[in-house]
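Engineer: My structure is in structure.cif, and what it holds is mmCIF, C-alpha atoms:
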```
data_target
#
loop_
_atom_site.group_PDB
_atom_site.id
_atom_site.type_symbol
_atom_site.label_atom_id
_atom_site.label_comp_id
_atom_site.auth_asym_id
_atom_site.auth_seq_id
_atom_site.Cartn_x
_atom_site.Cartn_y
_atom_site.Cartn_z
ATOM 1 C CA MET J 218 89.501 113.857 131.198
ATOM 2 C CA SER J 219 88.825 110.552 132.879
ATOM 3 C CA ALA J 220 86.900 107.832 131.042
ATOM 4 C CA THR J 221 85.758 106.398 134.384
ATOM 5 C CA TYR J 222 84.406 109.755 135.521
ATOM 6 C CA ARG J 223 82.650 110.280 132.176
ATOM 7 C CA ALA J 224 81.030 106.843 132.391
ATOM 8 C CA ALA J 225 79.832 107.542 135.945
ATOM 9 C CA ILE J 226 78.265 110.856 134.917
ATOM 10 C CA ARG J 227 76.500 109.314 131.947
ATOM 11 C CA THR J 228 75.158 106.537 134.158
ATOM 12 C CA GLY J 229 74.012 108.753 137.030
ATOM 13 C CA LEU J 230 72.938 111.761 134.948
ATOM 14 C CA PRO J 231 71.983 110.442 131.505
ATOM 15 C CA GLU J 232 70.421 113.770 130.433
ATOM 16 C CA ALA J 233 73.493 115.844 131.343
ATOM 17 C CA THR J 234 75.884 117.263 128.760
ATOM 18 C CA VAL J 235 79.454 116.286 129.576
ATOM 19 C CA VAL J 236 81.889 119.155 129.033
ATOM 20 C CA VAL J 237 85.683 119.100 129.051
ATOM 21 C CA ASP J 238 86.996 122.387 130.407
ATOM 22 C CA HIS J 239 89.600 124.020 128.149
ATOM 23 C CA PHE J 240 91.961 124.176 131.146
ATOM 24 C CA HIS J 241 92.391 120.399 130.972
ATOM 25 C CA VAL J 242 92.986 120.453 127.207
ATOM 26 C CA VAL J 243 95.653 123.159 127.597
ATOM 27 C CA GLN J 244 97.187 121.226 130.489
ATOM 28 C CA LEU J 245 97.382 118.124 128.311
ATOM 29 C CA ALA J 246 98.996 120.064 125.442
ATOM 30 C CA ASN J 247 101.551 121.684 127.764
ATOM 31 C CA LYS J 248 102.428 118.311 129.221
ATOM 32 C CA MET J 249 102.995 117.035 125.688
ATOM 33 C CA LEU J 250 105.365 119.932 124.953
ATOM 34 C CA SER J 251 107.404 119.273 128.093
ATOM 35 C CA LEU J 252 107.678 115.575 127.220
ATOM 36 C CA VAL J 253 108.868 116.412 123.690
ATOM 37 C CA ARG J 254 111.453 118.865 125.037
ATOM 38 C CA ARG J 255 112.878 116.390 127.546
ATOM 39 C CA ARG J 256 112.943 113.479 125.109
ATOM 40 C CA THR J 257 114.586 115.356 122.229
ATOM 41 C CA THR J 258 117.205 116.885 124.528
ATOM 42 C CA THR J 259 118.071 113.471 125.953
ATOM 43 C CA GLU J 260 118.182 111.783 122.530
ATOM 44 C CA LEU J 261 120.164 114.446 120.657
ATOM 45 C CA ARG J 262 122.378 115.832 123.423
ATOM 46 C CA GLY J 263 122.740 112.654 125.454
ATOM 47 C CA ARG J 264 121.954 114.446 128.702
ATOM 48 C CA ARG J 265 119.322 116.471 130.548
ATOM 49 C CA GLY J 266 118.629 120.071 129.605
ATOM 50 C CA ARG J 267 120.892 122.837 130.876
ATOM 51 C CA ALA J 268 120.346 126.544 131.382
ATOM 52 C CA SER J 269 122.536 127.284 128.352
ATOM 53 C CA ASP J 270 120.347 125.233 125.963
ATOM 54 C CA PRO J 271 117.940 127.260 123.759
ATOM 55 C CA GLU J 272 115.091 124.803 124.432
ATOM 56 C CA TRP J 273 115.609 125.196 128.180
ATOM 57 C CA LYS J 274 115.597 128.997 127.932
ATOM 58 C CA ALA J 275 112.365 128.874 125.918
ATOM 59 C CA ARG J 276 110.591 126.320 128.109
ATOM 60 C CA ARG J 277 108.248 128.819 129.810
ATOM 61 C CA ARG J 278 107.417 130.755 126.651
ATOM 62 C CA LEU J 279 106.549 127.489 124.902
ATOM 63 C CA LEU J 280 103.820 126.920 127.487
ATOM 64 C CA ARG J 281 102.220 130.335 126.959
ATOM 65 C CA ASN J 282 99.628 131.248 124.338
ATOM 66 C CA ARG J 283 100.871 133.099 121.277
ATOM 67 C CA LYS J 284 98.529 136.018 122.013
ATOM 68 C CA ASP J 285 100.117 136.409 125.468
ATOM 69 C CA LEU J 286 103.602 136.803 124.006
ATOM 70 C CA SER J 287 104.838 140.166 122.808
ATOM 71 C CA HIS J 288 106.551 140.370 119.430
ATOM 72 C CA GLU J 289 109.965 140.486 121.136
ATOM 73 C CA GLN J 290 109.173 137.539 123.421
ATOM 74 C CA PHE J 291 107.993 135.515 120.449
ATOM 75 C CA GLU J 292 111.171 136.267 118.510
ATOM 76 C CA ARG J 293 113.351 135.324 121.488
ATOM 77 C CA MET J 294 111.575 131.962 121.565
ATOM 78 C CA TRP J 295 111.169 131.255 117.842
ATOM 79 C CA ASN J 296 114.472 132.356 116.276
ATOM 80 C CA PRO J 297 116.941 130.534 118.593
ATOM 81 C CA LEU J 298 114.890 127.333 118.362
ATOM 82 C CA LEU J 299 114.702 127.594 114.573
ATOM 83 C CA ASP J 300 118.482 128.003 114.413
ATOM 84 C CA GLU J 301 119.067 125.065 116.765
ATOM 85 C CA GLY J 302 118.285 122.405 114.193
ATOM 86 C CA LYS J 303 116.305 119.245 114.837
ATOM 87 C CA ILE J 304 115.624 119.906 118.537
ATOM 88 C CA GLY J 305 114.212 123.344 117.849
ATOM 89 C CA GLN J 306 112.230 122.326 114.777
ATOM 90 C CA THR J 307 110.667 119.406 116.643
ATOM 91 C CA LEU J 308 109.682 121.666 119.537
ATOM 92 C CA LEU J 309 108.216 124.326 117.247
ATOM 93 C CA THR J 310 106.197 121.677 115.403
ATOM 94 C CA ALA J 311 104.774 120.507 118.737
ATOM 95 C CA TRP J 312 104.148 124.127 119.788
ATOM 96 C CA ILE J 313 102.143 124.808 116.608
ATOM 97 C CA ALA J 314 100.031 121.730 117.366
ATOM 98 C CA LYS J 315 99.316 123.125 120.827
ATOM 99 C CA GLU J 316 98.398 126.542 119.432
ATOM 100 C CA SER J 317 95.992 124.906 116.973
ATOM 101 C CA LEU J 318 93.790 123.976 119.944
ATOM 102 C CA ALA J 319 93.176 127.610 120.935
ATOM 103 C CA LEU J 320 89.440 127.758 120.207
ATOM 104 C CA ALA J 321 88.088 128.487 123.677
ATOM 105 C CA ARG J 322 85.783 131.511 123.879
ATOM 106 C CA THR J 323 86.546 132.691 120.349
ATOM 107 C CA ASP J 324 82.867 132.711 119.268
ATOM 108 C CA ALA J 325 83.810 130.493 116.342
ATOM 109 C CA ASN J 326 80.904 129.085 114.345
ATOM 110 C CA ARG J 327 80.421 125.397 113.586
ATOM 111 C CA SER J 328 82.222 125.606 110.241
ATOM 112 C CA GLN J 329 85.240 127.364 111.764
ATOM 113 C CA VAL J 330 85.439 124.856 114.610
ATOM 114 C CA GLY J 331 85.272 121.946 112.170
ATOM 115 C CA HIS J 332 87.976 123.467 109.972
ATOM 116 C CA ALA J 333 90.224 124.139 112.982
ATOM 117 C CA ARG J 334 89.791 120.541 114.124
ATOM 118 C CA TRP J 335 90.716 119.255 110.659
ATOM 119 C CA LYS J 336 93.837 121.482 110.562
ATOM 120 C CA PHE J 337 94.902 120.308 114.020
ATOM 121 C CA LEU J 338 94.480 116.598 113.256
ATOM 122 C CA THR J 339 96.169 116.960 109.856
ATOM 123 C CA TRP J 340 99.136 118.811 111.361
ATOM 124 C CA CYS J 341 99.514 116.182 114.087
ATOM 125 C CA ALA J 342 99.259 113.322 111.590
ATOM 126 C CA ASP J 343 101.962 114.864 109.388
ATOM 127 C CA ALA J 344 104.243 115.547 112.351
ATOM 128 C CA ASP J 345 106.446 112.551 112.965
ATOM 129 C CA ILE J 346 106.362 113.111 116.737
ATOM 130 C CA PRO J 347 104.873 110.356 118.961
ATOM 131 C CA GLU J 348 103.736 112.722 121.715
ATOM 132 C CA VAL J 349 101.932 114.975 119.232
ATOM 133 C CA ARG J 350 100.102 112.045 117.680
ATOM 134 C CA THR J 351 99.112 110.805 121.143
ATOM 135 C CA LEU J 352 97.689 114.249 121.906
ATOM 136 C CA ALA J 353 95.716 114.199 118.644
ATOM 137 C CA ALA J 354 94.299 110.760 119.439
ATOM 138 C CA THR J 355 93.222 111.914 122.915
ATOM 139 C CA VAL J 356 91.611 115.103 121.594
ATOM 140 C CA ASP J 357 89.815 113.150 118.874
ATOM 141 C CA ARG J 358 88.522 110.645 121.434
ATOM 142 C CA TRP J 359 87.199 113.441 123.649
ATOM 143 C CA TRP J 360 86.042 115.731 120.841
ATOM 144 C CA PRO J 361 82.276 115.651 121.614
ATOM 145 C CA GLU J 362 82.981 116.861 125.160
ATOM 146 C CA ILE J 363 85.507 119.475 123.976
ATOM 147 C CA GLU J 364 83.082 120.740 121.341
ATOM 148 C CA ALA J 365 80.402 120.974 124.031
ATOM 149 C CA PHE J 366 82.630 123.395 125.926
ATOM 150 C CA ILE J 367 83.280 125.479 122.791
ATOM 151 C CA ASN J 368 79.524 125.702 122.155
ATOM 152 C CA THR J 369 78.364 126.315 125.738
ATOM 153 C CA GLY J 370 81.332 128.002 127.409
ATOM 154 C CA HIS J 371 80.479 126.195 130.658
ATOM 155 C CA SER J 372 83.407 125.748 133.013
ATOM 156 C CA ASN J 373 84.034 124.401 136.507
ATOM 157 C CA ALA J 374 87.083 126.640 136.953
ATOM 158 C CA LYS J 375 85.628 128.383 140.016
ATOM 159 C CA SER J 376 84.955 125.149 141.911
ATOM 160 C CA GLU J 377 88.366 123.765 140.945
ATOM 161 C CA GLY J 378 90.030 126.938 142.173
ATOM 162 C CA ILE J 379 88.241 126.696 145.527
ATOM 163 C CA ASN J 380 89.158 123.011 145.804
ATOM 164 C CA ARG J 381 92.815 123.876 145.165
ATOM 165 C CA VAL J 382 92.802 126.487 147.955
ATOM 166 C CA ILE J 383 91.198 124.028 150.398
ATOM 167 C CA LYS J 384 93.896 121.451 149.639
ATOM 168 C CA LEU J 385 96.603 124.062 150.134
ATOM 169 C CA VAL J 386 95.173 124.961 153.559
ATOM 170 C CA ALA J 387 95.187 121.293 154.581
ATOM 171 C CA ARG J 388 98.739 120.865 153.301
ATOM 172 C CA HIS J 389 100.054 123.927 155.140
ATOM 173 C CA ALA J 390 98.501 122.716 158.379
ATOM 174 C CA PHE J 391 100.250 119.336 158.019
ATOM 175 C CA GLY J 392 96.960 117.591 158.802
ATOM 176 C CA PHE J 393 94.020 118.354 161.066
ATOM 177 C CA ARG J 394 92.987 116.468 164.181
ATOM 178 C CA ASN J 395 89.303 116.370 163.291
ATOM 179 C CA ALA J 396 86.881 117.366 160.526
ATOM 180 C CA ASP J 397 85.700 120.498 162.372
ATOM 181 C CA SER J 398 89.249 121.822 162.505
ATOM 182 C CA GLN J 399 89.558 121.348 158.761
ATOM 183 C CA ARG J 400 86.195 122.950 157.990
ATOM 184 C CA LEU J 401 86.856 126.059 160.083
ATOM 185 C CA PRO J 402 89.548 127.731 157.921
ATOM 186 C CA THR J 403 87.922 126.729 154.637
ATOM 187 C CA PRO J 404 85.327 129.579 154.474
ATOM 188 C CA CYS J 405 88.002 132.019 155.567
ATOM 189 C CA VAL J 406 90.263 131.339 152.613
ATOM 190 C CA THR J 407 87.595 130.774 149.961
ATOM 191 C CA THR J 408 85.139 133.641 150.555
ATOM 192 C CA ARG J 409 85.717 137.263 151.491
ATOM 193 C CA ARG J 410 82.309 137.474 153.133
ATOM 194 C CA ALA J 411 83.235 134.870 155.745
ATOM 195 C CA ARG J 412 86.509 136.516 156.789
ATOM 196 C CA GLY J 413 86.314 137.906 160.318
ATOM 197 C CA HIS J 414 82.994 136.182 161.012
ATOM 198 C CA LEU J 415 84.158 132.682 161.887
ATOM 199 C CA ARG J 416 82.714 131.210 165.055
ATOM 200 C CA THR J 417 84.003 128.093 166.721
ATOM 201 C CA ALA J 418 81.457 125.487 167.767
#
```
How does this structure look as structure tokens?

Structural biologist:
Amino acid sequence: MSATYRAAIRTGLPEATVVVDHFHVVQLANKMLSLVRRRTTTELRGRRGRASDPEWKARRRLLRNRKDLSHEQFERMWNPLLDEGKIGQTLLTAWIAKESLALARTDANRSQVGHARWKFLTWCADADIPEVRTLAATVDRWWPEIEAFINTGHSNAKSEGINRVIKLVARHAFGFRNADSQRLPTPCVTTRRARGHLRTA
């Protein structure tokens, strides 16, 4: 979600439809949740989070989708935070904002998407949480590209996954002496077909 990248695409490929992958929207929402958790803990406890704090114990469940949590896991996250007071209530408000963005691959029609967007923006506007309002402003600014993903389902997840593996290979090797040395292991780790068939120049 880079304005510079979007401008470059629209200049070089004016007929292309720019799509924001839902991975980046979820990543942005999860980052917002972590920022809210750290800030509220620091402000209300006067220190960093500790393993004994309910918000620290729930930190991983907060970053998961509601549908991926069992009933017991959800209760272990929700109830202690609700009982914790302002810290917990602030975190749960931010978590609900994140969950309101879960529209990817739901086959929602235009009316449902529009209603979900309105609910999300209204919830964020009513929440007196700076990070949540910043998230809403970013989503609203990028809405045409996000809506394009909801409508088309197009994703660059496969290419991003391959790029991540290539970077990991380079990092584990602590640098290569030349470009050929870097290219050689790349097919091995990114495609099954190439494994066992590598030939040096």

Engineer: For this file, the PyMOL selection byres ((chain J and resi 334) around 10) selects which residues, as a VMD selection string?

Structural biologist: chain J and resid 317 to 318 320 328 to 333 335 to 340 353 356 to 357 360 364

Engineer: Would you work out the distance separating CA of Arg350 in chain J from CA of Gln244 in chain J, expressed in Å to one decimal?

Structural biologist: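 So the two atoms, CA of Arg350 in chain J and CA of Gln244 in chain J, lie 16.0 Å apart.
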
Engineer: J:Arg388, J:Arg293, J:His239, J:Arg227: which is nearest Asn368 in chain J, counting all atoms listed in the file?

Structural biologist: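 Looking at the shortest contact to Asn368 in chain J, the residue is J:His239.
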
Engineer: For this file, the PyMOL selection byres ((chain J and resi 305-307) around 12) selects which residues, as a VMD selection string?

Structural biologist: chain J and resid 250 to 258 261 270 to 276 279 294 to 304 308 to 314 341 344 to 349

Engineer: Would you place a box with edges along x, y and z of the file around all atoms of range 307-318 of chain J listed there, add 8 Å to each of its six sides, and report the centre and edge lengths in Å to one decimal, as JSON?

Structural biologist:
```
{"center_x": 102.2, "center_y": 123.0, "center_z": 118.1, "size_x": 32.9, "size_y": 23.1, "size_z": 21.4}
```

Engineer: Would you work out the distance separating CA of Lys315 in chain J from CA of Asp285 in chain J, expressed in Å to one decimal?

Structural biologist: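 Calculated distance between CA of Lys315 in chain J and CA of Asp285 in chain J is 14.1 Å.
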
Engineer: Which residue, J:Pro361, J:Asn395, J:Thr403, J:Leu286, has the smallest gap to Ile379 in chain J when you use all atoms listed in the file?

Structural biologist: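 Ranking J:Pro361, J:Asn395, J:Thr403, J:Leu286 by distance to Ile379 in chain J, first place goes to J:Thr403.
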
Engineer: The PyMOL selection byres ((chain J and resi 218) around 12) - which residues does that actually catch in the file I just gave you? List them as a PyMOL selection string.

Structural biologist: chain J and resi 219-224+235-245+355-356+358-360+362-363
